[in-house]
file my_file_28.pdb (PDB, C-alpha atoms and all ligand atoms)
ATOM      1  CA  MET A  23      64.308  52.330 105.852  1.00  0.00           C
ATOM      2  CA  LYS A  24      62.915  55.834 106.141  1.00  0.00           C
ATOM      3  CA  CYS A  25      59.474  56.928 105.121  1.00  0.00           C
ATOM      4  CA  ILE A  26      57.000  59.757 104.839  1.00  0.00           C
ATOM      5  CA  ILE A  27      53.213  59.600 104.518  1.00  0.00           C
ATOM      6  CA  LEU A  28      50.960  61.703 102.319  1.00  0.00           C
ATOM      7  CA  LEU A  29      47.648  61.924 104.131  1.00  0.00           C
ATOM      8  CA  GLY A  30      44.478  63.596 102.919  1.00  0.00           C
ATOM      9  CA  ALA A  31      41.007  63.047 101.480  1.00  0.00           C
ATOM     10  CA  PRO A  32      40.592  61.349  98.126  1.00  0.00           C
ATOM     11  CA  GLY A  33      41.198  64.037  95.509  1.00  0.00           C
ATOM     12  CA  ALA A  34      43.622  66.008  97.674  1.00  0.00           C
ATOM     13  CA  GLY A  35      46.230  65.299  94.985  1.00  0.00           C
ATOM     14  CA  LYS A  36      48.324  62.733  96.892  1.00  0.00           C
ATOM     15  CA  GLY A  37      48.919  60.531  93.840  1.00  0.00           C
ATOM     16  CA  THR A  38      49.880  63.367  91.499  1.00  0.00           C
ATOM     17  CA  VAL A  39      52.163  65.003  94.049  1.00  0.00           C
ATOM     18  CA  ALA A  40      53.756  61.651  95.000  1.00  0.00           C
ATOM     19  CA  ALA A  41      54.473  60.753  91.367  1.00  0.00           C
ATOM     20  CA  ASP A  42      56.190  64.126  90.815  1.00  0.00           C
ATOM     21  CA  LEU A  43      58.137  63.963  94.085  1.00  0.00           C
ATOM     22  CA  ALA A  44      59.347  60.454  93.265  1.00  0.00           C
ATOM     23  CA  GLU A  45      61.093  61.987  90.221  1.00  0.00           C
ATOM     24  CA  GLN A  46      62.594  64.860  92.217  1.00  0.00           C
ATOM     25  CA  THR A  47      63.597  63.089  95.449  1.00  0.00           C
ATOM     26  CA  GLN A  48      65.004  59.741  96.645  1.00  0.00           C
ATOM     27  CA  PHE A  49      61.615  58.581  97.908  1.00  0.00           C
ATOM     28  CA  LEU A  50      59.926  55.627  96.199  1.00  0.00           C
ATOM     29  CA  HIS A  51      56.210  56.096  95.610  1.00  0.00           C
ATOM     30  CA  VAL A  52      54.079  53.367  97.221  1.00  0.00           C
ATOM     31  CA  SER A  53      50.370  53.695  96.488  1.00  0.00           C
ATOM     32  CA  THR A  54      48.170  50.922  97.900  1.00  0.00           C
ATOM     33  CA  GLY A  55      45.429  52.085  95.491  1.00  0.00           C
ATOM     34  CA  ASP A  56      47.749  51.535  92.492  1.00  0.00           C
ATOM     35  CA  ILE A  57      48.850  48.121  93.818  1.00  0.00           C
ATOM     36  CA  LEU A  58      45.199  47.111  94.277  1.00  0.00           C
ATOM     37  CA  ARG A  59      44.144  48.396  90.842  1.00  0.00           C
ATOM     38  CA  GLU A  60      46.961  46.367  89.275  1.00  0.00           C
ATOM     39  CA  ALA A  61      45.807  43.266  91.232  1.00  0.00           C
ATOM     40  CA  VAL A  62      42.241  43.786  89.971  1.00  0.00           C
ATOM     41  CA  LYS A  63      43.530  44.180  86.390  1.00  0.00           C
ATOM     42  CA  GLN A  64      45.608  40.987  86.677  1.00  0.00           C
ATOM     43  CA  GLY A  65      42.667  39.119  88.262  1.00  0.00           C
ATOM     44  CA  THR A  66      44.739  37.853  91.218  1.00  0.00           C
ATOM     45  CA  ALA A  67      43.105  36.489  94.409  1.00  0.00           C
ATOM     46  CA  VAL A  68      43.716  39.848  96.142  1.00  0.00           C
ATOM     47  CA  GLY A  69      42.256  41.664  93.145  1.00  0.00           C
ATOM     48  CA  LEU A  70      39.106  39.531  93.202  1.00  0.00           C
ATOM     49  CA  GLU A  71      38.662  40.177  96.929  1.00  0.00           C
ATOM     50  CA  ALA A  72      39.307  43.938  96.640  1.00  0.00           C
ATOM     51  CA  LYS A  73      37.228  44.718  93.559  1.00  0.00           C
ATOM     52  CA  SER A  74      33.764  45.161  95.088  1.00  0.00           C
ATOM     53  CA  TYR A  75      35.045  47.313  97.971  1.00  0.00           C
ATOM     54  CA  MET A  76      36.897  49.568  95.558  1.00  0.00           C
ATOM     55  CA  GLU A  77      33.952  49.963  93.196  1.00  0.00           C
ATOM     56  CA  ALA A  78      31.751  51.056  96.101  1.00  0.00           C
ATOM     57  CA  GLY A  79      34.424  53.426  97.441  1.00  0.00           C
ATOM     58  CA  ASP A  80      34.719  51.412 100.678  1.00  0.00           C
ATOM     59  CA  LEU A  81      37.983  50.401 102.327  1.00  0.00           C
ATOM     60  CA  VAL A  82      39.530  47.045 101.498  1.00  0.00           C
ATOM     61  CA  PRO A  83      39.971  44.998 104.749  1.00  0.00           C
ATOM     62  CA  ASP A  84      43.059  45.824 106.815  1.00  0.00           C
ATOM     63  CA  GLU A  85      44.388  42.223 106.591  1.00  0.00           C
ATOM     64  CA  VAL A  86      44.560  42.434 102.788  1.00  0.00           C
ATOM     65  CA  ILE A  87      46.393  45.759 102.959  1.00  0.00           C
ATOM     66  CA  ALA A  88      48.766  44.433 105.646  1.00  0.00           C
ATOM     67  CA  LYS A  89      49.796  41.567 103.367  1.00  0.00           C
ATOM     68  CA  LEU A  90      50.348  43.862 100.361  1.00  0.00           C
ATOM     69  CA  VAL A  91      52.428  46.366 102.313  1.00  0.00           C
ATOM     70  CA  ARG A  92      54.570  43.708 103.994  1.00  0.00           C
ATOM     71  CA  GLU A  93      55.240  42.109 100.587  1.00  0.00           C
ATOM     72  CA  ARG A  94      56.122  45.453  99.010  1.00  0.00           C
ATOM     73  CA  LEU A  95      58.540  46.442 101.777  1.00  0.00           C
ATOM     74  CA  ALA A  96      60.114  42.981 102.013  1.00  0.00           C
ATOM     75  CA  ALA A  97      61.096  43.389  98.347  1.00  0.00           C
ATOM     76  CA  GLY A  98      63.112  46.529  99.182  1.00  0.00           C
ATOM     77  CA  GLY A  99      66.415  47.196 100.918  1.00  0.00           C
ATOM     78  CA  ALA A 100      67.282  48.649 104.329  1.00  0.00           C
ATOM     79  CA  ASP A 101      68.354  51.988 102.806  1.00  0.00           C
ATOM     80  CA  ASP A 102      65.166  52.520 100.837  1.00  0.00           C
ATOM     81  CA  ARG A 103      63.037  55.595 101.381  1.00  0.00           C
ATOM     82  CA  TYR A 104      59.305  55.332 100.868  1.00  0.00           C
ATOM     83  CA  MET A 105      56.552  57.828 100.303  1.00  0.00           C
ATOM     84  CA  PHE A 106      53.180  56.254 101.171  1.00  0.00           C
ATOM     85  CA  ASP A 107      50.146  57.506  99.288  1.00  0.00           C
ATOM     86  CA  GLY A 108      46.746  56.235 100.450  1.00  0.00           C
ATOM     87  CA  PHE A 109      48.277  54.210 103.281  1.00  0.00           C
ATOM     88  CA  PRO A 110      47.702  54.054 106.217  1.00  0.00           C
ATOM     89  CA  ARG A 111      43.968  54.705 106.109  1.00  0.00           C
ATOM     90  CA  THR A 112      42.910  53.327 109.513  1.00  0.00           C
ATOM     91  CA  LEU A 113      44.473  53.331 112.978  1.00  0.00           C
ATOM     92  CA  LYS A 114      44.989  49.572 112.582  1.00  0.00           C
ATOM     93  CA  GLN A 115      47.045  50.200 109.435  1.00  0.00           C
ATOM     94  CA  ALA A 116      49.013  52.920 111.254  1.00  0.00           C
ATOM     95  CA  GLU A 117      49.857  50.343 113.954  1.00  0.00           C
ATOM     96  CA  LEU A 118      50.895  47.887 111.256  1.00  0.00           C
ATOM     97  CA  LEU A 119      53.195  50.507 109.742  1.00  0.00           C
ATOM     98  CA  ASP A 120      54.687  51.240 113.175  1.00  0.00           C
ATOM     99  CA  SER A 121      55.480  47.559 113.666  1.00  0.00           C
ATOM    100  CA  VAL A 122      57.000  47.175 110.173  1.00  0.00           C
ATOM    101  CA  ILE A 123      59.138  50.271 110.774  1.00  0.00           C
ATOM    102  CA  SER A 124      60.372  48.944 114.091  1.00  0.00           C
ATOM    103  CA  ASP A 125      61.074  45.448 112.592  1.00  0.00           C
ATOM    104  CA  MET A 126      63.162  47.131 109.880  1.00  0.00           C
ATOM    105  CA  GLU A 127      64.765  49.586 112.317  1.00  0.00           C
ATOM    106  CA  GLY A 128      63.377  52.337 110.164  1.00  0.00           C
ATOM    107  CA  GLU A 129      61.964  55.765 110.847  1.00  0.00           C
ATOM    108  CA  LEU A 130      58.814  57.689 110.019  1.00  0.00           C
ATOM    109  CA  LEU A 131      60.143  61.163 109.186  1.00  0.00           C
ATOM    110  CA  SER A 132      56.990  63.161 108.623  1.00  0.00           C
ATOM    111  CA  VAL A 133      53.295  62.997 107.724  1.00  0.00           C
ATOM    112  CA  PHE A 134      52.087  65.595 105.225  1.00  0.00           C
ATOM    113  CA  LEU A 135      48.383  66.348 105.492  1.00  0.00           C
ATOM    114  CA  LEU A 136      47.078  67.677 102.175  1.00  0.00           C
ATOM    115  CA  GLU A 137      44.045  69.749 103.189  1.00  0.00           C
ATOM    116  CA  VAL A 138      41.351  70.271 100.595  1.00  0.00           C
ATOM    117  CA  THR A 139      37.678  71.366 100.506  1.00  0.00           C
ATOM    118  CA  ASP A 140      34.904  68.951  99.427  1.00  0.00           C
ATOM    119  CA  ASP A 141      33.880  71.052  96.380  1.00  0.00           C
ATOM    120  CA  VAL A 142      37.428  70.989  95.049  1.00  0.00           C
ATOM    121  CA  VAL A 143      37.593  67.211  95.599  1.00  0.00           C
ATOM    122  CA  ILE A 144      34.360  66.551  93.711  1.00  0.00           C
ATOM    123  CA  SER A 145      35.394  68.684  90.745  1.00  0.00           C
ATOM    124  CA  ARG A 146      38.912  67.199  90.684  1.00  0.00           C
ATOM    125  CA  LEU A 147      37.817  63.559  90.896  1.00  0.00           C
ATOM    126  CA  THR A 148      34.830  63.569  88.578  1.00  0.00           C
ATOM    127  CA  GLY A 149      37.001  65.322  85.939  1.00  0.00           C
ATOM    128  CA  ARG A 150      40.033  63.071  86.462  1.00  0.00           C
ATOM    129  CA  ARG A 151      41.203  60.865  83.607  1.00  0.00           C
ATOM    130  CA  VAL A 152      43.995  58.281  83.858  1.00  0.00           C
ATOM    131  CA  CYS A 153      46.162  56.665  81.179  1.00  0.00           C
ATOM    132  CA  LYS A 154      45.416  52.932  80.813  1.00  0.00           C
ATOM    133  CA  LYS A 155      49.002  52.228  79.810  1.00  0.00           C
ATOM    134  CA  CYS A 156      51.327  54.370  82.001  1.00  0.00           C
ATOM    135  CA  GLY A 157      48.992  55.645  84.765  1.00  0.00           C
ATOM    136  CA  ALA A 158      49.622  59.362  84.037  1.00  0.00           C
ATOM    137  CA  VAL A 159      46.850  61.530  85.496  1.00  0.00           C
ATOM    138  CA  TYR A 160      44.926  64.295  83.652  1.00  0.00           C
ATOM    139  CA  HIS A 161      41.868  66.465  84.282  1.00  0.00           C
ATOM    140  CA  VAL A 162      39.327  67.375  81.625  1.00  0.00           C
ATOM    141  CA  THR A 163      39.691  71.103  82.343  1.00  0.00           C
ATOM    142  CA  ASN A 164      42.633  71.618  84.772  1.00  0.00           C
ATOM    143  CA  ILE A 165      45.246  69.366  83.120  1.00  0.00           C
ATOM    144  CA  PRO A 166      43.820  68.462  79.694  1.00  0.00           C
ATOM    145  CA  PRO A 167      45.877  66.237  77.385  1.00  0.00           C
ATOM    146  CA  LYS A 168      46.953  67.781  74.049  1.00  0.00           C
ATOM    147  CA  VAL A 169      44.589  65.411  72.207  1.00  0.00           C
ATOM    148  CA  GLU A 170      41.326  64.502  73.968  1.00  0.00           C
ATOM    149  CA  GLY A 171      41.365  60.954  75.362  1.00  0.00           C
ATOM    150  CA  VAL A 172      45.042  60.336  74.507  1.00  0.00           C
ATOM    151  CA  CYS A 173      48.021  60.339  76.895  1.00  0.00           C
ATOM    152  CA  ASP A 174      50.676  63.010  76.095  1.00  0.00           C
ATOM    153  CA  LYS A 175      53.419  60.812  77.541  1.00  0.00           C
ATOM    154  CA  CYS A 176      52.847  57.418  75.889  1.00  0.00           C
ATOM    155  CA  GLY A 177      49.872  57.723  73.517  1.00  0.00           C
ATOM    156  CA  GLY A 178      47.803  55.374  75.727  1.00  0.00           C
ATOM    157  CA  GLU A 179      44.023  55.632  76.029  1.00  0.00           C
ATOM    158  CA  LEU A 180      42.642  57.764  78.888  1.00  0.00           C
ATOM    159  CA  TYR A 181      39.784  56.433  81.037  1.00  0.00           C
ATOM    160  CA  GLN A 182      37.686  57.452  84.026  1.00  0.00           C
ATOM    161  CA  ARG A 183      38.185  55.297  87.141  1.00  0.00           C
ATOM    162  CA  THR A 184      34.959  53.471  88.024  1.00  0.00           C
ATOM    163  CA  ASP A 185      35.175  54.988  91.539  1.00  0.00           C
ATOM    164  CA  ASP A 186      35.429  58.578  90.231  1.00  0.00           C
ATOM    165  CA  THR A 187      31.675  59.005  89.676  1.00  0.00           C
ATOM    166  CA  GLU A 188      29.969  61.604  91.887  1.00  0.00           C
ATOM    167  CA  THR A 189      28.043  59.065  94.074  1.00  0.00           C
ATOM    168  CA  THR A 190      31.145  56.999  94.766  1.00  0.00           C
ATOM    169  CA  VAL A 191      33.298  60.082  95.367  1.00  0.00           C
ATOM    170  CA  ARG A 192      30.774  61.261  98.010  1.00  0.00           C
ATOM    171  CA  ASN A 193      30.966  57.838  99.699  1.00  0.00           C
ATOM    172  CA  ARG A 194      34.782  57.941  99.598  1.00  0.00           C
ATOM    173  CA  LEU A 195      34.660  61.338 101.340  1.00  0.00           C
ATOM    174  CA  ASP A 196      32.328  59.909 104.027  1.00  0.00           C
ATOM    175  CA  VAL A 197      34.638  56.911 104.481  1.00  0.00           C
ATOM    176  CA  TYR A 198      37.602  59.284 104.825  1.00  0.00           C
ATOM    177  CA  SER A 199      35.835  61.326 107.543  1.00  0.00           C
ATOM    178  CA  ALA A 200      34.716  58.202 109.386  1.00  0.00           C
ATOM    179  CA  GLN A 201      37.860  56.077 109.195  1.00  0.00           C
ATOM    180  CA  THR A 202      40.926  57.979 108.062  1.00  0.00           C
ATOM    181  CA  SER A 203      40.620  61.406 109.647  1.00  0.00           C
ATOM    182  CA  ASP A 204      41.403  59.815 113.075  1.00  0.00           C
ATOM    183  CA  LEU A 205      44.950  59.493 111.831  1.00  0.00           C
ATOM    184  CA  ILE A 206      45.323  63.286 111.822  1.00  0.00           C
ATOM    185  CA  GLY A 207      45.041  63.407 115.634  1.00  0.00           C
ATOM    186  CA  HIS A 208      47.247  60.333 115.947  1.00  0.00           C
ATOM    187  CA  TYR A 209      50.167  61.797 113.984  1.00  0.00           C
ATOM    188  CA  ASP A 210      49.605  65.283 115.392  1.00  0.00           C
ATOM    189  CA  SER A 211      50.060  63.913 118.915  1.00  0.00           C
ATOM    190  CA  LEU A 212      53.320  62.325 117.749  1.00  0.00           C
ATOM    191  CA  LYS A 213      54.392  65.782 116.450  1.00  0.00           C
ATOM    192  CA  LEU A 214      54.854  64.382 112.954  1.00  0.00           C
ATOM    193  CA  LEU A 215      52.069  66.258 111.169  1.00  0.00           C
ATOM    194  CA  GLU A 216      52.777  68.981 108.573  1.00  0.00           C
ATOM    195  CA  LYS A 217      49.672  70.648 107.135  1.00  0.00           C
ATOM    196  CA  VAL A 218      49.751  71.736 103.502  1.00  0.00           C
ATOM    197  CA  ASP A 219      47.016  73.744 101.750  1.00  0.00           C
ATOM    198  CA  ALA A 220      46.157  71.454  98.838  1.00  0.00           C
ATOM    199  CA  ASP A 221      43.468  73.709  97.313  1.00  0.00           C
ATOM    200  CA  GLN A 222      46.441  75.585  95.847  1.00  0.00           C
ATOM    201  CA  GLY A 223      48.086  74.179  92.713  1.00  0.00           C
ATOM    202  CA  LYS A 224      50.285  71.099  92.843  1.00  0.00           C
ATOM    203  CA  ASP A 225      53.493  73.067  92.156  1.00  0.00           C
ATOM    204  CA  LEU A 226      53.076  75.018  95.396  1.00  0.00           C
ATOM    205  CA  VAL A 227      52.209  71.855  97.340  1.00  0.00           C
ATOM    206  CA  GLU A 228      55.306  70.089  95.991  1.00  0.00           C
ATOM    207  CA  ARG A 229      57.537  73.072  96.720  1.00  0.00           C
ATOM    208  CA  GLU A 230      56.295  73.179 100.322  1.00  0.00           C
ATOM    209  CA  ILE A 231      56.895  69.442 100.851  1.00  0.00           C
ATOM    210  CA  ILE A 232      60.388  69.586  99.295  1.00  0.00           C
ATOM    211  CA  ARG A 233      61.269  72.525 101.539  1.00  0.00           C
ATOM    212  CA  CYS A 234      60.180  70.500 104.614  1.00  0.00           C
ATOM    213  CA  LEU A 235      62.136  67.453 103.428  1.00  0.00           C
ATOM    214  CA  GLU A 236      65.280  69.556 102.943  1.00  0.00           C
ATOM    215  CA  ASP A 237      64.756  70.959 106.407  1.00  0.00           C
ATOM    216  CA  LEU A 238      64.439  67.436 107.846  1.00  0.00           C
ATOM    217  CA  GLU A 239      67.521  66.308 105.927  1.00  0.00           C
ATOM    218  CA  SER A 240      69.611  69.165 107.288  1.00  0.00           C
ATOM    219  CA  ARG A 241      68.616  68.187 110.840  1.00  0.00           C
ATOM    220  CA  GLN A 242      69.490  64.447 110.382  1.00  0.00           C
TER     221      GLN A 242
HETATM  222  P1  LIG B 301      43.109  55.455  96.104  1.00  0.00           P
HETATM  223  O1  LIG B 301      43.695  55.270  94.755  1.00  0.00           O
HETATM  224  O2  LIG B 301      44.147  55.640  97.180  1.00  0.00           O
HETATM  225  O3  LIG B 301      42.032  56.520  96.148  1.00  0.00           O
HETATM  226  O4  LIG B 301      42.382  54.069  96.478  1.00  0.00           O
HETATM  227  C1  LIG B 301      41.308  53.578  95.702  1.00  0.00           C
HETATM  228  C2  LIG B 301      40.528  52.537  96.511  1.00  0.00           C
HETATM  229  O5  LIG B 301      41.409  51.452  96.860  1.00  0.00           O
HETATM  230  C3  LIG B 301      39.994  53.037  97.840  1.00  0.00           C
HETATM  231  O6  LIG B 301      38.729  53.691  97.700  1.00  0.00           O
HETATM  232  C4  LIG B 301      39.878  51.730  98.627  1.00  0.00           C
HETATM  233  O7  LIG B 301      38.767  50.962  98.194  1.00  0.00           O
HETATM  234  C5  LIG B 301      41.130  50.979  98.185  1.00  0.00           C
HETATM  235  N1  LIG B 301      42.317  51.286  99.029  1.00  0.00           N
HETATM  236  C6  LIG B 301      43.485  51.893  98.650  1.00  0.00           C
HETATM  237  N2  LIG B 301      44.338  51.989  99.671  1.00  0.00           N
HETATM  238  C7  LIG B 301      43.707  51.431 100.739  1.00  0.00           C
HETATM  239  C8  LIG B 301      44.064  51.254 102.102  1.00  0.00           C
HETATM  240  N3  LIG B 301      45.250  51.660 102.581  1.00  0.00           N
HETATM  241  N4  LIG B 301      43.155  50.647 102.913  1.00  0.00           N
HETATM  242  C9  LIG B 301      41.968  50.219 102.453  1.00  0.00           C
HETATM  243  N5  LIG B 301      41.554  50.372 101.190  1.00  0.00           N
HETATM  244  C10 LIG B 301      42.406  50.976 100.327  1.00  0.00           C
END
call {"tool": "encode", "arguments": {"input": "my_file_28.pdb", "output": "structure tokens"}}
result
Amino acid sequence: MKCIILLGAPGAGKGTVAADLAEQTQFLHVSTGDILREAVKQGTAVGLEAKSYMEAGDLVPDEVIAKLVRERLAAGGADDRYMFDGFPRTLKQAELLDSVISDMEGELLSVFLLEVTDDVVISRLTGRRVCKKCGAVYHVTNIPPKVEGVCDKCGGELYQRTDDTETTVRNRLDVYSAQTSDLIGHYDSLKLLEKVDADQGKDLVEREIIRCLEDLESRQ
């Protein structure tokens, strides 16, 4: 198992970039946020536990995330390549990932830090709209659908995530600074960190990451 991590504040574009890269590379997109949202939708025990944290923009407890990630990786094969989006978010989760990687004799190839300014985050997230059916992501002004409120890809209805309101977005940014930004120093000290300017459009971000991945591949 080999993996990469997309790190960065909420709204840095991790989900959008990961979904595109999953189509262009061998890496499977694993988003703990998507897994949790699905659990909430299905009303599972995990979903019921996670719901209130998510609505407030707070982190779901590490033990819940540990269980989800272990289950997701156990379902895969030894040759799988994963691209984590929104995980790890705490040093505890980074330790969990280290131990899963060593159990599976895998390797963490690189950590891409998508750097973005707060103003860009707030405008991106409060304008974000997501398809209820296929999960495709739009923005009311930056990536508008052809018909307002309707997904171009599947015709599904577009909605605003309950945690994309301005108050919750500001809390998510505070939570990121307090709990997730420690990971930057952690992965930097391991010489795994690649910084990418994520204020620029997603095409440039994706091109930069693909170039790094090709570089890594050629050195393997
Ligand atoms: P995201 O889609 O990555 O922005 O995640 C949405 C929400 O799900 C977050 O605000 C958290 O409440 C929760 N969440 C997602 N991933 C994690 C994680 N790795 N650790 C803790 N909470 C998470």
call {"tool": "residues_near_ligand", "arguments": {"input": "my_file_28.pdb", "ligand": "ligand LIG 301 (chain B)", "cutoff": "6 Å", "atoms": "all atoms listed in the file", "output": "VMD selection string"}}
result
chain A and resid 32 54 to 56 75 to 76 79 to 82 87 108 to 111
call {"tool": "closest_residue", "arguments": {"input": "my_file_28.pdb", "among": "A:Leu70, A:Leu212, A:Ile144, A:Ala158", "to": "Ala40 (chain A)", "atoms": "all atoms listed in the file"}}
result
A:Ala158
call {"tool": "closest_residue", "arguments": {"input": "my_file_28.pdb", "among": "A:Cys156, A:Met126, A:Val68, A:Val143", "to": "Asp221 (chain A)", "atoms": "only C-alpha atoms"}}
result
A:Val143
call {"tool": "closest_residue", "arguments": {"input": "my_file_28.pdb", "among": "A:Cys25, A:Met105, A:Ile231, A:Ile123", "to": "Gly37 (chain A)", "atoms": "all atoms listed in the file"}}
result
A:Met105
call {"tool": "resolve_selection", "arguments": {"input": "my_file_28.pdb", "expression": "the PyMOL selection byres (((chain A and resi 129) around 7) and not hetatm)", "output": "list in words"}}
result
Met23, Lys24, Cys25, Ile123, Glu127, Gly128, Leu130 and Leu131 of chain A
call {"tool": "residues_around", "arguments": {"input": "my_file_28.pdb", "residues": "Gly178 (chain A)", "least_positions_apart": "2", "cutoff": "9 Å", "atoms": "all atoms listed in the file", "output": "ChimeraX atom specification"}}
result
/A:153-156,171-176,180
call {"tool": "residues_near_point", "arguments": {"input": "my_file_28.pdb", "point": "(56.7, 45.4, 102.1)", "cutoff": "12 Å", "atoms": "all atoms listed in the file", "output": "mmCIF file with C-alpha atoms, keeping the file's coordinate frame"}}
result
data_model
loop_
_atom_site.group_PDB
_atom_site.id
_atom_site.type_symbol
_atom_site.label_atom_id
_atom_site.label_comp_id
_atom_site.auth_asym_id
_atom_site.auth_seq_id
_atom_site.Cartn_x
_atom_site.Cartn_y
_atom_site.Cartn_z
ATOM 1 C CA MET A 23 64.308 52.330 105.852
ATOM 2 C CA VAL A 52 54.079 53.367 97.221
ATOM 3 C CA SER A 53 50.370 53.695 96.488
ATOM 4 C CA THR A 54 48.170 50.922 97.900
ATOM 5 C CA ILE A 57 48.850 48.121 93.818
ATOM 6 C CA ILE A 87 46.393 45.759 102.959
ATOM 7 C CA ALA A 88 48.766 44.433 105.646
ATOM 8 C CA LYS A 89 49.796 41.567 103.367
ATOM 9 C CA LEU A 90 50.348 43.862 100.361
ATOM 10 C CA VAL A 91 52.428 46.366 102.313
ATOM 11 C CA ARG A 92 54.570 43.708 103.994
ATOM 12 C CA GLU A 93 55.240 42.109 100.587
ATOM 13 C CA ARG A 94 56.122 45.453 99.010
ATOM 14 C CA LEU A 95 58.540 46.442 101.777
ATOM 15 C CA ALA A 96 60.114 42.981 102.013
ATOM 16 C CA ALA A 97 61.096 43.389 98.347
ATOM 17 C CA GLY A 98 63.112 46.529 99.182
ATOM 18 C CA GLY A 99 66.415 47.196 100.918
ATOM 19 C CA ALA A 100 67.282 48.649 104.329
ATOM 20 C CA ASP A 102 65.166 52.520 100.837
ATOM 21 C CA TYR A 104 59.305 55.332 100.868
ATOM 22 C CA PHE A 106 53.180 56.254 101.171
ATOM 23 C CA LEU A 118 50.895 47.887 111.256
ATOM 24 C CA LEU A 119 53.195 50.507 109.742
ATOM 25 C CA SER A 121 55.480 47.559 113.666
ATOM 26 C CA VAL A 122 57.000 47.175 110.173
ATOM 27 C CA ILE A 123 59.138 50.271 110.774
ATOM 28 C CA ASP A 125 61.074 45.448 112.592
ATOM 29 C CA MET A 126 63.162 47.131 109.880
#
call {"tool": "atom_distance", "arguments": {"input": "my_file_28.pdb", "atom1": "CA of Cys234 (chain A)", "atom2": "CA of Asp204 (chain A)"}}
result
23.2 Å
call {"tool": "atom_distance", "arguments": {"input": "my_file_28.pdb", "atom1": "CA of Glu137 (chain A)", "atom2": "CA of Gly30 (chain A)"}}
result
6.2 Å
call {"tool": "residues_around", "arguments": {"input": "my_file_28.pdb", "residues": "region 163-168 of chain A", "least_positions_apart": "6", "cutoff": "9 Å", "atoms": "all atoms listed in the file", "output": "PyMOL selection string"}}
result
chain A and resi 146+149-151+174
call {"tool": "atom_distance", "arguments": {"input": "my_file_28.pdb", "atom1": "CA of Leu215 (chain A)", "atom2": "CA of Phe134 (chain A)"}}
result
6.0 Å
call {"tool": "resolve_selection", "arguments": {"input": "my_file_28.pdb", "expression": "the PyMOL selection byres (((chain A and resi 203) around 10) and not hetatm)", "output": "VMD selection string"}}
result
chain A and resid 29 to 31 111 to 113 197 to 202 204 to 208
call {"tool": "write_last_selection", "arguments": {"input": "my_file_28.pdb", "atoms": "C-alpha atoms", "output": "mmCIF file, in the frame of the given file"}}
result
data_model
loop_
_atom_site.group_PDB
_atom_site.id
_atom_site.type_symbol
_atom_site.label_atom_id
_atom_site.label_comp_id
_atom_site.auth_asym_id
_atom_site.auth_seq_id
_atom_site.Cartn_x
_atom_site.Cartn_y
_atom_site.Cartn_z
ATOM 1 C CA LEU A 29 47.648 61.924 104.131
ATOM 2 C CA GLY A 30 44.478 63.596 102.919
ATOM 3 C CA ALA A 31 41.007 63.047 101.480
ATOM 4 C CA ARG A 111 43.968 54.705 106.109
ATOM 5 C CA THR A 112 42.910 53.327 109.513
ATOM 6 C CA LEU A 113 44.473 53.331 112.978
ATOM 7 C CA VAL A 197 34.638 56.911 104.481
ATOM 8 C CA TYR A 198 37.602 59.284 104.825
ATOM 9 C CA SER A 199 35.835 61.326 107.543
ATOM 10 C CA ALA A 200 34.716 58.202 109.386
ATOM 11 C CA GLN A 201 37.860 56.077 109.195
ATOM 12 C CA THR A 202 40.926 57.979 108.062
ATOM 13 C CA ASP A 204 41.403 59.815 113.075
ATOM 14 C CA LEU A 205 44.950 59.493 111.831
ATOM 15 C CA ILE A 206 45.323 63.286 111.822
ATOM 16 C CA GLY A 207 45.041 63.407 115.634
ATOM 17 C CA HIS A 208 47.247 60.333 115.947
#
call {"tool": "residues_around", "arguments": {"input": "my_file_28.pdb", "residues": "region 226-229 of chain A", "least_positions_apart": "6", "cutoff": "8 Å", "atoms": "all atoms listed in the file", "output": "list of chain:residue names"}}
result
A:Val39, A:Asp42, A:Leu43, A:Val218, A:Asp219, A:Ala220
call {"tool": "closest_residue", "arguments": {"input": "my_file_28.pdb", "among": "A:Glu71, A:Arg59, A:Tyr181, A:Ser132", "to": "Glu239 (chain A)", "atoms": "all atoms listed in the file"}}
result
A:Ser132
call {"tool": "axis_aligned_box", "arguments": {"input": "my_file_28.pdb", "around": "region 156-166 of chain A", "padding_each_side": "3 Å", "output": "AutoDock Vina command-line options"}}
result
--center_x 45.3 --center_y 63.0 --center_z 82.6 --size_x 18.0 --size_y 23.2 --size_z 11.8
call {"tool": "closest_residue", "arguments": {"input": "my_file_28.pdb", "among": "A:Val133, A:Arg241, A:Val138, A:Ser145", "to": "Val191 (chain A)", "atoms": "all atoms listed in the file"}}
result
A:Ser145
